[in-house]
file protein21.pdb (PDB, N, CA and C atoms)
ATOM      1  N   MET E 104      72.430 134.295  70.680  1.00  0.00           N
ATOM      2  CA  MET E 104      73.714 134.117  70.044  1.00  0.00           C
ATOM      3  C   MET E 104      73.690 134.762  68.661  1.00  0.00           C
ATOM      4  N   ASN E 105      74.794 135.320  68.318  1.00  0.00           N
ATOM      5  CA  ASN E 105      74.882 135.958  67.015  1.00  0.00           C
ATOM      6  C   ASN E 105      75.395 134.971  65.968  1.00  0.00           C
ATOM      7  N   ALA E 106      75.477 135.456  64.748  1.00  0.00           N
ATOM      8  CA  ALA E 106      75.898 134.591  63.644  1.00  0.00           C
ATOM      9  C   ALA E 106      77.356 134.168  63.788  1.00  0.00           C
ATOM     10  N   PHE E 107      78.170 135.008  64.418  1.00  0.00           N
ATOM     11  CA  PHE E 107      79.576 134.657  64.611  1.00  0.00           C
ATOM     12  C   PHE E 107      79.710 133.439  65.517  1.00  0.00           C
ATOM     13  N   SER E 108      78.925 133.382  66.587  1.00  0.00           N
ATOM     14  CA  SER E 108      78.981 132.240  67.503  1.00  0.00           C
ATOM     15  C   SER E 108      78.478 130.967  66.836  1.00  0.00           C
ATOM     16  N   ARG E 109      77.439 131.100  66.039  1.00  0.00           N
ATOM     17  CA  ARG E 109      76.929 129.920  65.324  1.00  0.00           C
ATOM     18  C   ARG E 109      77.937 129.420  64.306  1.00  0.00           C
ATOM     19  N   GLY E 110      78.596 130.340  63.632  1.00  0.00           N
ATOM     20  CA  GLY E 110      79.631 129.942  62.685  1.00  0.00           C
ATOM     21  C   GLY E 110      80.807 129.280  63.377  1.00  0.00           C
ATOM     22  N   ARG E 111      81.172 129.808  64.545  1.00  0.00           N
ATOM     23  CA  ARG E 111      82.250 129.204  65.322  1.00  0.00           C
ATOM     24  C   ARG E 111      81.874 127.805  65.781  1.00  0.00           C
ATOM     25  N   MET E 112      80.611 127.621  66.181  1.00  0.00           N
ATOM     26  CA  MET E 112      80.153 126.302  66.599  1.00  0.00           C
ATOM     27  C   MET E 112      80.192 125.326  65.424  1.00  0.00           C
ATOM     28  N   LEU E 113      79.697 125.764  64.284  1.00  0.00           N
ATOM     29  CA  LEU E 113      79.685 124.906  63.104  1.00  0.00           C
ATOM     30  C   LEU E 113      81.101 124.536  62.673  1.00  0.00           C
ATOM     31  N   LEU E 114      82.004 125.494  62.690  1.00  0.00           N
ATOM     32  CA  LEU E 114      83.391 125.199  62.322  1.00  0.00           C
ATOM     33  C   LEU E 114      84.053 124.239  63.303  1.00  0.00           C
ATOM     34  N   SER E 115      83.747 124.375  64.580  1.00  0.00           N
ATOM     35  CA  SER E 115      84.349 123.455  65.551  1.00  0.00           C
ATOM     36  C   SER E 115      83.816 122.040  65.378  1.00  0.00           C
ATOM     37  N   VAL E 116      82.529 121.902  65.038  1.00  0.00           N
ATOM     38  CA  VAL E 116      81.974 120.568  64.793  1.00  0.00           C
ATOM     39  C   VAL E 116      82.590 119.961  63.540  1.00  0.00           C
ATOM     40  N   ILE E 117      82.721 120.748  62.492  1.00  0.00           N
ATOM     41  CA  ILE E 117      83.336 120.245  61.256  1.00  0.00           C
ATOM     42  C   ILE E 117      84.795 119.863  61.503  1.00  0.00           C
ATOM     43  N   PHE E 118      85.509 120.685  62.257  1.00  0.00           N
ATOM     44  CA  PHE E 118      86.904 120.382  62.578  1.00  0.00           C
ATOM     45  C   PHE E 118      87.010 119.104  63.413  1.00  0.00           C
ATOM     46  N   GLY E 119      86.096 118.923  64.359  1.00  0.00           N
ATOM     47  CA  GLY E 119      86.069 117.689  65.153  1.00  0.00           C
ATOM     48  C   GLY E 119      85.768 116.468  64.299  1.00  0.00           C
ATOM     49  N   LEU E 120      84.848 116.616  63.333  1.00  0.00           N
ATOM     50  CA  LEU E 120      84.550 115.506  62.424  1.00  0.00           C
ATOM     51  C   LEU E 120      85.762 115.153  61.568  1.00  0.00           C
ATOM     52  N   VAL E 121      86.452 116.164  61.074  1.00  0.00           N
ATOM     53  CA  VAL E 121      87.637 115.914  60.247  1.00  0.00           C
ATOM     54  C   VAL E 121      88.715 115.208  61.061  1.00  0.00           C
ATOM     55  N   LEU E 122      88.933 115.659  62.290  1.00  0.00           N
ATOM     56  CA  LEU E 122      89.945 115.014  63.125  1.00  0.00           C
ATOM     57  C   LEU E 122      89.565 113.582  63.494  1.00  0.00           C
ATOM     58  N   THR E 123      88.280 113.314  63.605  1.00  0.00           N
ATOM     59  CA  THR E 123      87.834 111.963  63.941  1.00  0.00           C
ATOM     60  C   THR E 123      87.937 111.027  62.745  1.00  0.00           C
ATOM     61  N   VAL E 124      87.625 111.525  61.563  1.00  0.00           N
ATOM     62  CA  VAL E 124      87.591 110.674  60.367  1.00  0.00           C
ATOM     63  C   VAL E 124      88.972 110.537  59.726  1.00  0.00           C
ATOM     64  N   PHE E 125      89.867 111.480  59.989  1.00  0.00           N
ATOM     65  CA  PHE E 125      91.195 111.467  59.382  1.00  0.00           C
ATOM     66  C   PHE E 125      91.923 110.172  59.728  1.00  0.00           C
ATOM     67  N   PRO E 126      92.431 109.444  58.718  1.00  0.00           N
ATOM     68  CA  PRO E 126      93.080 108.156  59.003  1.00  0.00           C
ATOM     69  C   PRO E 126      94.434 108.323  59.688  1.00  0.00           C
ATOM     70  N   LEU E 127      94.670 107.460  60.650  1.00  0.00           N
ATOM     71  CA  LEU E 127      95.937 107.411  61.368  1.00  0.00           C
ATOM     72  C   LEU E 127      96.463 105.983  61.336  1.00  0.00           C
ATOM     73  N   PRO E 128      97.755 105.795  61.570  1.00  0.00           N
ATOM     74  CA  PRO E 128      98.274 104.426  61.689  1.00  0.00           C
ATOM     75  C   PRO E 128      97.599 103.696  62.848  1.00  0.00           C
ATOM     76  N   ALA E 129      97.589 102.388  62.774  1.00  0.00           N
ATOM     77  CA  ALA E 129      96.873 101.583  63.774  1.00  0.00           C
ATOM     78  C   ALA E 129      97.426 101.787  65.179  1.00  0.00           C
ATOM     79  N   TRP E 130      98.733 101.944  65.310  1.00  0.00           N
ATOM     80  CA  TRP E 130      99.311 102.107  66.648  1.00  0.00           C
ATOM     81  C   TRP E 130      98.978 103.467  67.248  1.00  0.00           C
ATOM     82  N   LEU E 131      98.716 104.462  66.404  1.00  0.00           N
ATOM     83  CA  LEU E 131      98.390 105.797  66.884  1.00  0.00           C
ATOM     84  C   LEU E 131      96.883 106.008  67.026  1.00  0.00           C
ATOM     85  N   ASP E 132      96.103 105.169  66.388  1.00  0.00           N
ATOM     86  CA  ASP E 132      94.647 105.304  66.437  1.00  0.00           C
ATOM     87  C   ASP E 132      94.100 105.038  67.834  1.00  0.00           C
ATOM     88  N   VAL E 133      94.820 104.263  68.620  1.00  0.00           N
ATOM     89  CA  VAL E 133      94.382 103.960  69.984  1.00  0.00           C
ATOM     90  C   VAL E 133      94.425 105.212  70.861  1.00  0.00           C
ATOM     91  N   LEU E 134      95.331 106.120  70.567  1.00  0.00           N
ATOM     92  CA  LEU E 134      95.515 107.317  71.385  1.00  0.00           C
ATOM     93  C   LEU E 134      94.620 108.486  70.982  1.00  0.00           C
ATOM     94  N   ARG E 135      93.827 108.328  69.929  1.00  0.00           N
ATOM     95  CA  ARG E 135      92.996 109.422  69.440  1.00  0.00           C
ATOM     96  C   ARG E 135      91.790 109.638  70.359  1.00  0.00           C
ATOM     97  N   PRO E 136      91.581 110.861  70.832  1.00  0.00           N
ATOM     98  CA  PRO E 136      90.384 111.117  71.641  1.00  0.00           C
ATOM     99  C   PRO E 136      89.152 111.255  70.747  1.00  0.00           C
ATOM    100  N   ALA E 137      88.002 111.170  71.353  1.00  0.00           N
ATOM    101  CA  ALA E 137      86.744 111.334  70.624  1.00  0.00           C
ATOM    102  C   ALA E 137      86.480 112.836  70.480  1.00  0.00           C
ATOM    103  N   PHE E 138      86.965 113.414  69.403  1.00  0.00           N
ATOM    104  CA  PHE E 138      86.888 114.861  69.223  1.00  0.00           C
ATOM    105  C   PHE E 138      85.454 115.359  69.121  1.00  0.00           C
ATOM    106  N   VAL E 139      84.589 114.615  68.452  1.00  0.00           N
ATOM    107  CA  VAL E 139      83.204 115.058  68.296  1.00  0.00           C
ATOM    108  C   VAL E 139      82.505 115.086  69.651  1.00  0.00           C
ATOM    109  N   VAL E 140      82.776 114.112  70.487  1.00  0.00           N
ATOM    110  CA  VAL E 140      82.182 114.089  71.826  1.00  0.00           C
ATOM    111  C   VAL E 140      82.674 115.285  72.633  1.00  0.00           C
ATOM    112  N   LEU E 141      83.949 115.603  72.525  1.00  0.00           N
ATOM    113  CA  LEU E 141      84.493 116.756  73.238  1.00  0.00           C
ATOM    114  C   LEU E 141      83.866 118.063  72.770  1.00  0.00           C
ATOM    115  N   VAL E 142      83.648 118.196  71.466  1.00  0.00           N
ATOM    116  CA  VAL E 142      83.033 119.412  70.928  1.00  0.00           C
ATOM    117  C   VAL E 142      81.583 119.521  71.387  1.00  0.00           C
ATOM    118  N   VAL E 143      80.844 118.420  71.345  1.00  0.00           N
ATOM    119  CA  VAL E 143      79.445 118.444  71.786  1.00  0.00           C
ATOM    120  C   VAL E 143      79.359 118.764  73.275  1.00  0.00           C
ATOM    121  N   LEU E 144      80.228 118.190  74.071  1.00  0.00           N
ATOM    122  CA  LEU E 144      80.244 118.505  75.503  1.00  0.00           C
ATOM    123  C   LEU E 144      80.564 119.980  75.742  1.00  0.00           C
ATOM    124  N   TYR E 145      81.525 120.500  75.021  1.00  0.00           N
ATOM    125  CA  TYR E 145      81.894 121.904  75.195  1.00  0.00           C
ATOM    126  C   TYR E 145      80.714 122.818  74.890  1.00  0.00           C
ATOM    127  N   TRP E 146      80.065 122.608  73.743  1.00  0.00           N
ATOM    128  CA  TRP E 146      78.973 123.498  73.366  1.00  0.00           C
ATOM    129  C   TRP E 146      77.732 123.272  74.211  1.00  0.00           C
ATOM    130  N   SER E 147      77.548 122.086  74.730  1.00  0.00           N
ATOM    131  CA  SER E 147      76.408 121.840  75.617  1.00  0.00           C
ATOM    132  C   SER E 147      76.577 122.562  76.950  1.00  0.00           C
ATOM    133  N   VAL E 148      77.803 122.689  77.413  1.00  0.00           N
ATOM    134  CA  VAL E 148      78.054 123.390  78.673  1.00  0.00           C
ATOM    135  C   VAL E 148      78.162 124.896  78.447  1.00  0.00           C
ATOM    136  N   ASN E 149      78.848 125.298  77.387  1.00  0.00           N
ATOM    137  CA  ASN E 149      79.112 126.708  77.141  1.00  0.00           C
ATOM    138  C   ASN E 149      77.876 127.457  76.641  1.00  0.00           C
ATOM    139  N   ALA E 150      77.138 126.883  75.728  1.00  0.00           N
ATOM    140  CA  ALA E 150      75.947 127.528  75.161  1.00  0.00           C
ATOM    141  C   ALA E 150      74.842 126.487  75.040  1.00  0.00           C
ATOM    142  N   PRO E 151      74.153 126.175  76.141  1.00  0.00           N
ATOM    143  CA  PRO E 151      73.170 125.086  76.106  1.00  0.00           C
ATOM    144  C   PRO E 151      71.983 125.350  75.183  1.00  0.00           C
ATOM    145  N   ARG E 152      71.628 126.604  74.981  1.00  0.00           N
ATOM    146  CA  ARG E 152      70.503 126.890  74.090  1.00  0.00           C
ATOM    147  C   ARG E 152      70.902 126.734  72.630  1.00  0.00           C
ATOM    148  N   LEU E 153      72.149 127.020  72.334  1.00  0.00           N
ATOM    149  CA  LEU E 153      72.629 126.928  70.958  1.00  0.00           C
ATOM    150  C   LEU E 153      73.087 125.520  70.616  1.00  0.00           C
ATOM    151  N   GLY E 154      73.878 124.931  71.482  1.00  0.00           N
ATOM    152  CA  GLY E 154      74.397 123.599  71.219  1.00  0.00           C
ATOM    153  C   GLY E 154      73.909 122.644  72.279  1.00  0.00           C
ATOM    154  N   GLY E 155      72.916 121.900  71.979  1.00  0.00           N
ATOM    155  CA  GLY E 155      72.360 120.976  72.954  1.00  0.00           C
ATOM    156  C   GLY E 155      72.133 119.617  72.331  1.00  0.00           C
ATOM    157  N   ILE E 156      70.952 119.086  72.563  1.00  0.00           N
ATOM    158  CA  ILE E 156      70.630 117.748  72.073  1.00  0.00           C
ATOM    159  C   ILE E 156      70.603 117.719  70.548  1.00  0.00           C
ATOM    160  N   ALA E 157      70.116 118.788  69.927  1.00  0.00           N
ATOM    161  CA  ALA E 157      70.079 118.822  68.459  1.00  0.00           C
ATOM    162  C   ALA E 157      71.491 118.801  67.873  1.00  0.00           C
ATOM    163  N   LEU E 158      72.397 119.529  68.497  1.00  0.00           N
ATOM    164  CA  LEU E 158      73.790 119.506  68.038  1.00  0.00           C
ATOM    165  C   LEU E 158      74.373 118.109  68.173  1.00  0.00           C
ATOM    166  N   GLY E 159      74.092 117.450  69.287  1.00  0.00           N
ATOM    167  CA  GLY E 159      74.565 116.085  69.479  1.00  0.00           C
ATOM    168  C   GLY E 159      73.995 115.130  68.451  1.00  0.00           C
ATOM    169  N   PHE E 160      72.707 115.286  68.160  1.00  0.00           N
ATOM    170  CA  PHE E 160      72.083 114.390  67.192  1.00  0.00           C
ATOM    171  C   PHE E 160      72.661 114.587  65.796  1.00  0.00           C
ATOM    172  N   PHE E 161      72.725 115.832  65.337  1.00  0.00           N
ATOM    173  CA  PHE E 161      73.169 116.067  63.965  1.00  0.00           C
ATOM    174  C   PHE E 161      74.662 115.800  63.773  1.00  0.00           C
ATOM    175  N   SER E 162      75.472 116.108  64.770  1.00  0.00           N
ATOM    176  CA  SER E 162      76.891 115.776  64.631  1.00  0.00           C
ATOM    177  C   SER E 162      77.103 114.268  64.725  1.00  0.00           C
ATOM    178  N   GLY E 163      76.327 113.582  65.546  1.00  0.00           N
ATOM    179  CA  GLY E 163      76.394 112.124  65.603  1.00  0.00           C
ATOM    180  C   GLY E 163      75.908 111.481  64.320  1.00  0.00           C
ATOM    181  N   PHE E 164      74.885 112.065  63.721  1.00  0.00           N
ATOM    182  CA  PHE E 164      74.389 111.544  62.448  1.00  0.00           C
ATOM    183  C   PHE E 164      75.433 111.727  61.351  1.00  0.00           C
ATOM    184  N   ALA E 165      76.112 112.877  61.351  1.00  0.00           N
ATOM    185  CA  ALA E 165      77.186 113.088  60.372  1.00  0.00           C
ATOM    186  C   ALA E 165      78.321 112.100  60.600  1.00  0.00           C
ATOM    187  N   LEU E 166      78.621 111.823  61.846  1.00  0.00           N
ATOM    188  CA  LEU E 166      79.658 110.835  62.158  1.00  0.00           C
ATOM    189  C   LEU E 166      79.231 109.442  61.709  1.00  0.00           C
ATOM    190  N   ASP E 167      77.949 109.118  61.847  1.00  0.00           N
ATOM    191  CA  ASP E 167      77.440 107.838  61.363  1.00  0.00           C
ATOM    192  C   ASP E 167      77.563 107.720  59.852  1.00  0.00           C
ATOM    193  N   VAL E 168      77.292 108.792  59.150  1.00  0.00           N
ATOM    194  CA  VAL E 168      77.396 108.761  57.690  1.00  0.00           C
ATOM    195  C   VAL E 168      78.840 108.512  57.266  1.00  0.00           C
ATOM    196  N   PHE E 169      79.793 109.106  57.981  1.00  0.00           N
ATOM    197  CA  PHE E 169      81.196 108.954  57.607  1.00  0.00           C
ATOM    198  C   PHE E 169      81.791 107.616  58.012  1.00  0.00           C
ATOM    199  N   GLN E 170      81.453 107.084  59.182  1.00  0.00           N
ATOM    200  CA  GLN E 170      82.157 105.903  59.635  1.00  0.00           C
ATOM    201  C   GLN E 170      81.314 104.883  60.374  1.00  0.00           C
ATOM    202  N   GLY E 171      80.070 105.118  60.614  1.00  0.00           N
ATOM    203  CA  GLY E 171      79.286 104.206  61.432  1.00  0.00           C
ATOM    204  C   GLY E 171      78.730 103.029  60.662  1.00  0.00           C
ATOM    205  N   PRO E 172      78.852 101.825  61.218  1.00  0.00           N
ATOM    206  CA  PRO E 172      78.261 100.669  60.559  1.00  0.00           C
ATOM    207  C   PRO E 172      76.741 100.642  60.715  1.00  0.00           C
ATOM    208  N   VAL E 173      76.239 101.209  61.813  1.00  0.00           N
ATOM    209  CA  VAL E 173      74.799 101.264  62.060  1.00  0.00           C
ATOM    210  C   VAL E 173      74.389 102.731  62.047  1.00  0.00           C
ATOM    211  N   LEU E 174      73.462 103.080  61.159  1.00  0.00           N
ATOM    212  CA  LEU E 174      73.035 104.464  61.051  1.00  0.00           C
ATOM    213  C   LEU E 174      72.197 104.847  62.264  1.00  0.00           C
ATOM    214  N   GLY E 175      72.644 105.830  63.005  1.00  0.00           N
ATOM    215  CA  GLY E 175      71.936 106.308  64.178  1.00  0.00           C
ATOM    216  C   GLY E 175      72.598 105.962  65.491  1.00  0.00           C
ATOM    217  N   GLN E 176      73.617 105.138  65.457  1.00  0.00           N
ATOM    218  CA  GLN E 176      74.298 104.722  66.684  1.00  0.00           C
ATOM    219  C   GLN E 176      74.986 105.906  67.365  1.00  0.00           C
ATOM    220  N   HIS E 177      75.789 106.643  66.630  1.00  0.00           N
ATOM    221  CA  HIS E 177      76.467 107.803  67.203  1.00  0.00           C
ATOM    222  C   HIS E 177      75.485 108.944  67.464  1.00  0.00           C
ATOM    223  N   ALA E 178      74.449 109.047  66.639  1.00  0.00           N
ATOM    224  CA  ALA E 178      73.456 110.102  66.838  1.00  0.00           C
ATOM    225  C   ALA E 178      72.752 109.932  68.179  1.00  0.00           C
ATOM    226  N   LEU E 179      72.374 108.722  68.508  1.00  0.00           N
ATOM    227  CA  LEU E 179      71.729 108.466  69.796  1.00  0.00           C
ATOM    228  C   LEU E 179      72.706 108.690  70.944  1.00  0.00           C
ATOM    229  N   ALA E 180      73.918 108.202  70.801  1.00  0.00           N
ATOM    230  CA  ALA E 180      74.902 108.333  71.878  1.00  0.00           C
ATOM    231  C   ALA E 180      75.249 109.796  72.146  1.00  0.00           C
ATOM    232  N   LEU E 181      75.449 110.583  71.104  1.00  0.00           N
ATOM    233  CA  LEU E 181      75.795 111.986  71.309  1.00  0.00           C
ATOM    234  C   LEU E 181      74.600 112.806  71.784  1.00  0.00           C
ATOM    235  N   SER E 182      73.397 112.391  71.436  1.00  0.00           N
ATOM    236  CA  SER E 182      72.211 113.050  71.991  1.00  0.00           C
ATOM    237  C   SER E 182      72.128 112.817  73.488  1.00  0.00           C
ATOM    238  N   LEU E 183      72.443 111.612  73.919  1.00  0.00           N
ATOM    239  CA  LEU E 183      72.445 111.316  75.354  1.00  0.00           C
ATOM    240  C   LEU E 183      73.576 112.044  76.072  1.00  0.00           C
ATOM    241  N   VAL E 184      74.711 112.185  75.423  1.00  0.00           N
ATOM    242  CA  VAL E 184      75.823 112.926  76.021  1.00  0.00           C
ATOM    243  C   VAL E 184      75.442 114.395  76.204  1.00  0.00           C
ATOM    244  N   ALA E 185      74.765 114.964  75.225  1.00  0.00           N
ATOM    245  CA  ALA E 185      74.377 116.373  75.310  1.00  0.00           C
ATOM    246  C   ALA E 185      73.253 116.597  76.308  1.00  0.00           C
ATOM    247  N   TYR E 186      72.465 115.570  76.571  1.00  0.00           N
ATOM    248  CA  TYR E 186      71.365 115.704  77.524  1.00  0.00           C
ATOM    249  C   TYR E 186      71.902 115.858  78.922  1.00  0.00           C
TER     250      TYR E 186
END

call {"tool": "encode", "arguments": {"input": "protein21.pdb", "output": "structure tokens"}}
result
Amino acid sequence: MNAFSRGRMLLSVIFGLVLTVFPLPAWLDVLRPAFVVLVVLYWSVNAPRLGGIALGFFSGFALDVFQGPVLGQHALALSLVAY
């Protein structure tokens, strides 16, 4: 993979994190999909060597830092999703 693909992957993960952390009203929050999970699944299928378990772990860890009550909960879950 070239640098353009890696940059595209990084931007999609950051965009997914922003969409996940962005506050919504309570009635609309129920309808929000798990954007980070969708991004990790996409990159795990599309480019398994580039976006795999490590991508799941680090994006889950970033999600834990932003909103997780237990550090490592999302990191473990997204690592398993990418596996």

call {"tool": "select_by_dssp", "arguments": {"input": "protein21.pdb", "residues": "chain E", "states": "alpha helix (DSSP H)", "output": "ChimeraX atom specification"}}
result
/E:106-124,129-132,138-149,156-170,176-185

call {"tool": "resolve_selection", "arguments": {"input": "protein21.pdb", "expression": "the PyMOL selection byres ((chain E and resi 165-182) around 8)", "output": "compact mmCIF listing (two decimals) with N, CA and C atoms, in the coordinates of the input"}}
result
# COMPACT_ATOMS: atom_id res chain seq x y z
N LEU E 120 84.85 116.62 63.33
CA LEU E 120 84.55 115.51 62.42
C LEU E 120 85.76 115.15 61.57
N VAL E 124 87.62 111.52 61.56
CA VAL E 124 87.59 110.67 60.37
C VAL E 124 88.97 110.54 59.73
N VAL E 139 84.59 114.62 68.45
CA VAL E 139 83.20 115.06 68.30
C VAL E 139 82.50 115.09 69.65
N VAL E 140 82.78 114.11 70.49
CA VAL E 140 82.18 114.09 71.83
C VAL E 140 82.67 115.28 72.63
N VAL E 143 80.84 118.42 71.34
CA VAL E 143 79.44 118.44 71.79
C VAL E 143 79.36 118.76 73.28
N GLY E 155 72.92 121.90 71.98
CA GLY E 155 72.36 120.98 72.95
C GLY E 155 72.13 119.62 72.33
N ILE E 156 70.95 119.09 72.56
CA ILE E 156 70.63 117.75 72.07
C ILE E 156 70.60 117.72 70.55
N ALA E 157 70.12 118.79 69.93
CA ALA E 157 70.08 118.82 68.46
C ALA E 157 71.49 118.80 67.87
N LEU E 158 72.40 119.53 68.50
CA LEU E 158 73.79 119.51 68.04
C LEU E 158 74.37 118.11 68.17
N GLY E 159 74.09 117.45 69.29
CA GLY E 159 74.56 116.08 69.48
C GLY E 159 74.00 115.13 68.45
N PHE E 160 72.71 115.29 68.16
CA PHE E 160 72.08 114.39 67.19
C PHE E 160 72.66 114.59 65.80
N PHE E 161 72.72 115.83 65.34
CA PHE E 161 73.17 116.07 63.96
C PHE E 161 74.66 115.80 63.77
N SER E 162 75.47 116.11 64.77
CA SER E 162 76.89 115.78 64.63
C SER E 162 77.10 114.27 64.72
N GLY E 163 76.33 113.58 65.55
CA GLY E 163 76.39 112.12 65.60
C GLY E 163 75.91 111.48 64.32
N PHE E 164 74.89 112.06 63.72
CA PHE E 164 74.39 111.54 62.45
C PHE E 164 75.43 111.73 61.35
N LEU E 183 72.44 111.61 73.92
CA LEU E 183 72.44 111.32 75.35
C LEU E 183 73.58 112.04 76.07
N VAL E 184 74.71 112.18 75.42
CA VAL E 184 75.82 112.93 76.02
C VAL E 184 75.44 114.40 76.20
N ALA E 185 74.76 114.96 75.22
CA ALA E 185 74.38 116.37 75.31
C ALA E 185 73.25 116.60 76.31
N TYR E 186 72.46 115.57 76.57
CA TYR E 186 71.36 115.70 77.52
C TYR E 186 71.90 115.86 78.92

call {"tool": "atom_distance", "arguments": {"input": "protein21.pdb", "atom1": "atom CA of E:Trp146", "atom2": "atom CA of E:Phe125"}}
result
22.1 Å

call {"tool": "atom_distance", "arguments": {"input": "protein21.pdb", "atom1": "atom CA of E:Val116", "atom2": "atom CA of E:Leu153"}}
result
12.9 Å

call {"tool": "atom_distance", "arguments": {"input": "protein21.pdb", "atom1": "atom C of E:Gly119", "atom2": "atom C of E:Phe138"}}
result
5.0 Å

call {"tool": "resolve_selection", "arguments": {"input": "protein21.pdb", "expression": "the PyMOL selection byres (((chain E and resi 112 and name CA) around 10) and name CA)", "output": "PyMOL selection string"}}
result
chain E and resi 106-111+113-118+142-143+145-146+150+153-154+158

call {"tool": "axis_aligned_box", "arguments": {"input": "protein21.pdb", "around": "stretch 150-160 of chain E", "padding_each_side": "3 Å", "output": "AutoDock Vina command-line options"}}
result
--center_x 73.6 --center_y 121.0 --center_z 71.0 --size_x 13.1 --size_y 19.1 --size_z 16.3
